[in-house]
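Presented below is the structure to which this report refers.
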Amino acid sequence: MPFSHSGKKTTPCIWLMLAMLIPLLSVYGRPLQRMVKTYVPTTGLALFFGTVSLLLLAALITWFRAQGKPARAWHLAWLIPLFLLLPLTLPLVEERLHFVVFGAFGFFSMLLFPPPVAVLVSLAASGLDEALQWVLPDRVGDWRDVGFNAIASLGGATAAFAGIRK
C-alpha cells in the first residue's frame with residue numbers, strides 16, 4: 001500500500017521527483033558541486049549529510065510504527081552502518097549524496113512497484129545514472145559510483161520491503 005499523507009497518495013509523486021532528480025544531478029552536478037564547495041565548508045557539508053541521514057532514519061522509524069510493525073524496527077539496525085557509517089568512509093563528502101538520493105529512490109520504488117520490478121528499476125537507475133555521465137562533457141561515469149548507487153538503492157528497497165511485508 002503506498003505511503004499516504006493527509007489522505008493523498010504521495011508515493012508516485014515522490015518517486016517521480018526522485019526519478020527526475022537523479023539525471024538532473026548528473027547533468028548539473030558538477031557546477032552545483034563547484035558552487036557548494038565555494039560557499040559551504042566541508043565540515044558544514046558533512047554535518048548536513050549526517051543530519052539528513054539521521055532525519056531520514058527517524059522518518060523510517062516513524063513509518064514503521066505507522067505501518068503497525070514496530071517489532072520490525074530492528075531491521076533498521078543494519079541501516080545505520082549502511083547509511084551512516086559507510087558514507088563516512090568516503091573521501092569526498094559530496095559522495096554521500098549517492099546514499100541519500102538512491103536510498104530514497106529504492107525505498108519509494110519498493111512502495112510503488114512489486115518487489116522484483118522495484119529491484120530492477122533501482123538497479124537500472126543506478127547504472128543508467130553513471131552511463132549518462134559517460135556521455136556528458138564534464139562528467140565521468142564511475143563503476144565505484146554504480147556500486148554506491150546500487151547498494152543505497154537496494155538498502156532503501158530492503159527497508160521498505162521490511163515495512164510492507166506481511
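Ordered as shown in the C-alpha cells, chains take letters A, B, and onward, while each chain numbers its residues from 1 and ligands are numbered from 1 in the order shown.
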Using DSSP on the backbone, list every residue of region 101-151 of chain A that comes out as helix (DSSP H, G or I), and give them as a count of residues only. 42
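Residues in contact range of Leu92 (chain A), defined as at most 12 Å between only C-alpha atoms, with sequence neighbours fewer than 6 positions away removed, read Gln33, Lys37, Thr42, Thr43, Leu45, Ala46, Phe49, His98 and Asp145 of chain A.
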Mind writing the picked residues with N, CA and C atoms as a tab-separated table (two decimals), in the first residue's frame?
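Result saved to result_36.tsv:
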```
chain	number	residue	atom	x	y	z
A	33	GLN	N	28.25	21.27	-7.62
A	33	GLN	CA	29.30	20.85	-6.71
A	33	GLN	C	30.32	21.98	-6.52
A	37	LYS	N	31.00	23.87	-2.95
A	37	LYS	CA	32.35	23.90	-2.37
A	37	LYS	C	32.85	25.32	-2.14
A	42	THR	N	33.61	22.14	4.08
A	42	THR	CA	33.49	20.68	4.06
A	42	THR	C	32.84	20.15	5.34
A	43	THR	N	33.18	20.72	6.47
A	43	THR	CA	32.58	20.25	7.73
A	43	THR	C	31.08	20.55	7.76
A	45	LEU	N	29.12	20.70	5.13
A	45	LEU	CA	28.51	19.75	4.21
A	45	LEU	C	28.40	18.37	4.84
A	46	ALA	N	29.44	17.96	5.55
A	46	ALA	CA	29.41	16.67	6.25
A	46	ALA	C	28.32	16.67	7.31
A	49	PHE	N	24.85	16.33	5.54
A	49	PHE	CA	24.52	14.97	5.11
A	49	PHE	C	24.28	14.05	6.29
A	98	HIS	N	24.93	10.14	-2.89
A	98	HIS	CA	24.50	8.88	-3.50
A	98	HIS	C	23.60	8.10	-2.55
A	145	ASP	N	30.85	4.42	-8.31
A	145	ASP	CA	29.59	5.12	-8.05
A	145	ASP	C	28.39	4.24	-8.38
```
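The protein and nucleic acid residues lying at most 12 Å from Leu136 (chain A) are A:Pro23, A:Leu24, A:Leu25, A:Ser26, A:Val27, A:Tyr28, A:Gly29, A:Arg30, A:Asp129, A:Glu130, A:Ala131, A:Leu132, A:Gln133, A:Arg139, A:Val140, A:Gly141, with only C-alpha atoms considered and sequence neighbours fewer than 3 positions away removed.
Closest to Ala66 (chain A) among A:Leu120, A:Ile164, A:Ile22, A:Leu154 is A:Ile164, based on only C-alpha atoms.
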Can you list every residue in chain A that DSSP puts in strand (DSSP E), as a VMD selection string? chain A and resid 4 to 5 8 to 9
Any chance you could export the current selection's all heavy atoms as a JSON list (two decimals), in the first residue's frame?
```json
[["chain", "number", "residue", "atom", "x", "y", "z"],
["A", 4, "SER", "N", 0.69, 7.16, 2.52],
["A", 4, "SER", "CA", -0.28, 8.24, 2.36],
["A", 4, "SER", "C", -0.03, 9.31, 3.41],
["A", 4, "SER", "O", 0.40, 9.03, 4.51],
["A", 4, "SER", "CB", -1.71, 7.71, 2.46],
["A", 4, "SER", "OG", -1.94, 7.16, 3.73],
["A", 5, "HIS", "N", -0.29, 10.52, 3.02],
["A", 5, "HIS", "CA", -0.13, 11.66, 3.89],
["A", 5, "HIS", "C", -1.29, 12.60, 3.64],
["A", 5, "HIS", "O", -1.54, 12.99, 2.50],
["A", 5, "HIS", "CB", 1.20, 12.36, 3.59],
["A", 5, "HIS", "CG", 1.41, 13.61, 4.38],
["A", 5, "HIS", "ND1", 1.63, 13.58, 5.73],
["A", 5, "HIS", "CD2", 1.44, 14.90, 4.02],
["A", 5, "HIS", "CE1", 1.80, 14.81, 6.16],
["A", 5, "HIS", "NE2", 1.68, 15.63, 5.14],
["A", 8, "LYS", "N", -3.72, 11.83, 0.73],
["A", 8, "LYS", "CA", -3.27, 11.78, -0.65],
["A", 8, "LYS", "C", -2.24, 10.66, -0.82],
["A", 8, "LYS", "O", -1.48, 10.36, 0.09],
["A", 8, "LYS", "CB", -2.60, 13.10, -1.06],
["A", 8, "LYS", "CG", -3.53, 14.28, -1.07],
["A", 8, "LYS", "CD", -2.75, 15.50, -1.49],
["A", 8, "LYS", "CE", -3.64, 16.72, -1.56],
["A", 8, "LYS", "NZ", -2.88, 17.90, -1.95],
["A", 9, "LYS", "N", -2.23, 10.10, -1.98],
["A", 9, "LYS", "CA", -1.19, 9.11, -2.29],
["A", 9, "LYS", "C", 0.04, 9.87, -2.77],
["A", 9, "LYS", "O", 0.05, 10.42, -3.88],
["A", 9, "LYS", "CB", -1.67, 8.15, -3.38],
["A", 9, "LYS", "CG", -2.94, 7.43, -3.00],
["A", 9, "LYS", "CD", -2.68, 6.43, -1.93],
["A", 9, "LYS", "CE", -3.97, 5.65, -1.67],
["A", 9, "LYS", "NZ", -3.96, 4.94, -0.46]]
```
Give me the residues near Leu55 (chain A) as a ChimeraX atom specification, where near means some atom within 12 Å (using only C-alpha atoms) and where sequence neighbours in that chain fewer than 6 positions away do not count. /A:48-49,61-62,83-84,100
Output N, CA, C and O atoms for every residue in that selection, as a tab-separated table (two decimals), in the first residue's frame.
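Generated output (selection.tsv):
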```
chain	number	residue	atom	x	y	z
A	48	PHE	N	25.64	18.49	7.28
A	48	PHE	CA	24.35	18.49	6.56
A	48	PHE	C	23.94	17.07	6.17
A	48	PHE	O	22.83	16.64	6.43
A	49	PHE	N	24.85	16.33	5.54
A	49	PHE	CA	24.52	14.97	5.11
A	49	PHE	C	24.28	14.05	6.29
A	49	PHE	O	23.41	13.18	6.24
A	61	ILE	N	11.73	5.10	11.00
A	61	ILE	CA	11.21	4.51	12.24
A	61	ILE	C	9.74	4.90	12.42
A	61	ILE	O	8.90	4.06	12.76
A	62	THR	N	9.43	6.16	12.17
A	62	THR	CA	8.04	6.63	12.27
A	62	THR	C	7.16	5.89	11.27
A	62	THR	O	6.03	5.51	11.58
A	83	PHE	N	23.88	3.44	5.90
A	83	PHE	CA	23.58	4.81	5.52
A	83	PHE	C	24.26	5.87	6.38
A	83	PHE	O	24.24	7.04	6.02
A	84	LEU	N	24.87	5.49	7.50
A	84	LEU	CA	25.56	6.47	8.32
A	84	LEU	C	27.07	6.22	8.38
A	84	LEU	O	27.86	7.14	8.21
A	100	VAL	N	21.82	9.17	0.03
A	100	VAL	CA	20.55	9.83	0.33
A	100	VAL	C	19.58	9.67	-0.84
A	100	VAL	O	18.46	9.19	-0.68
```
Please provide the set of residues having any atom within 10 Å of region 12-17 of chain A, restricted to only C-alpha atoms, with same-chain residues fewer than 2 positions apart removed, written as a ChimeraX atom specification. /A:2-3,9-10,19-22,104-113
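Proximity of A:Pro115, A:Phe102, A:Arg34, A:Leu88 to Gly127 (chain A), computed with only C-alpha atoms, is greatest for A:Phe102.
Closest approach to Gly155 (chain A) among A:Tyr39, A:Phe99, A:Trp134, A:Phe64: A:Phe99, based on only C-alpha atoms.
Among the candidates A:Pro91, A:Pro31, A:Gly50, A:Gly103, the one nearest to Ala159 (chain A) when counting only C-alpha atoms is A:Gly103.
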Mind giving me the straight-line distance from CA of Thr38 (chain A) to CA of Ala152 (chain A) in Å, one decimal? 27.4 Å
Length of the CA of Thr158 (chain A) to CA of Leu97 (chain A) vector [Å]: 18.9 Å
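CA of Ala162 (chain A) is found 11.8 Å from CA of Leu79 (chain A).
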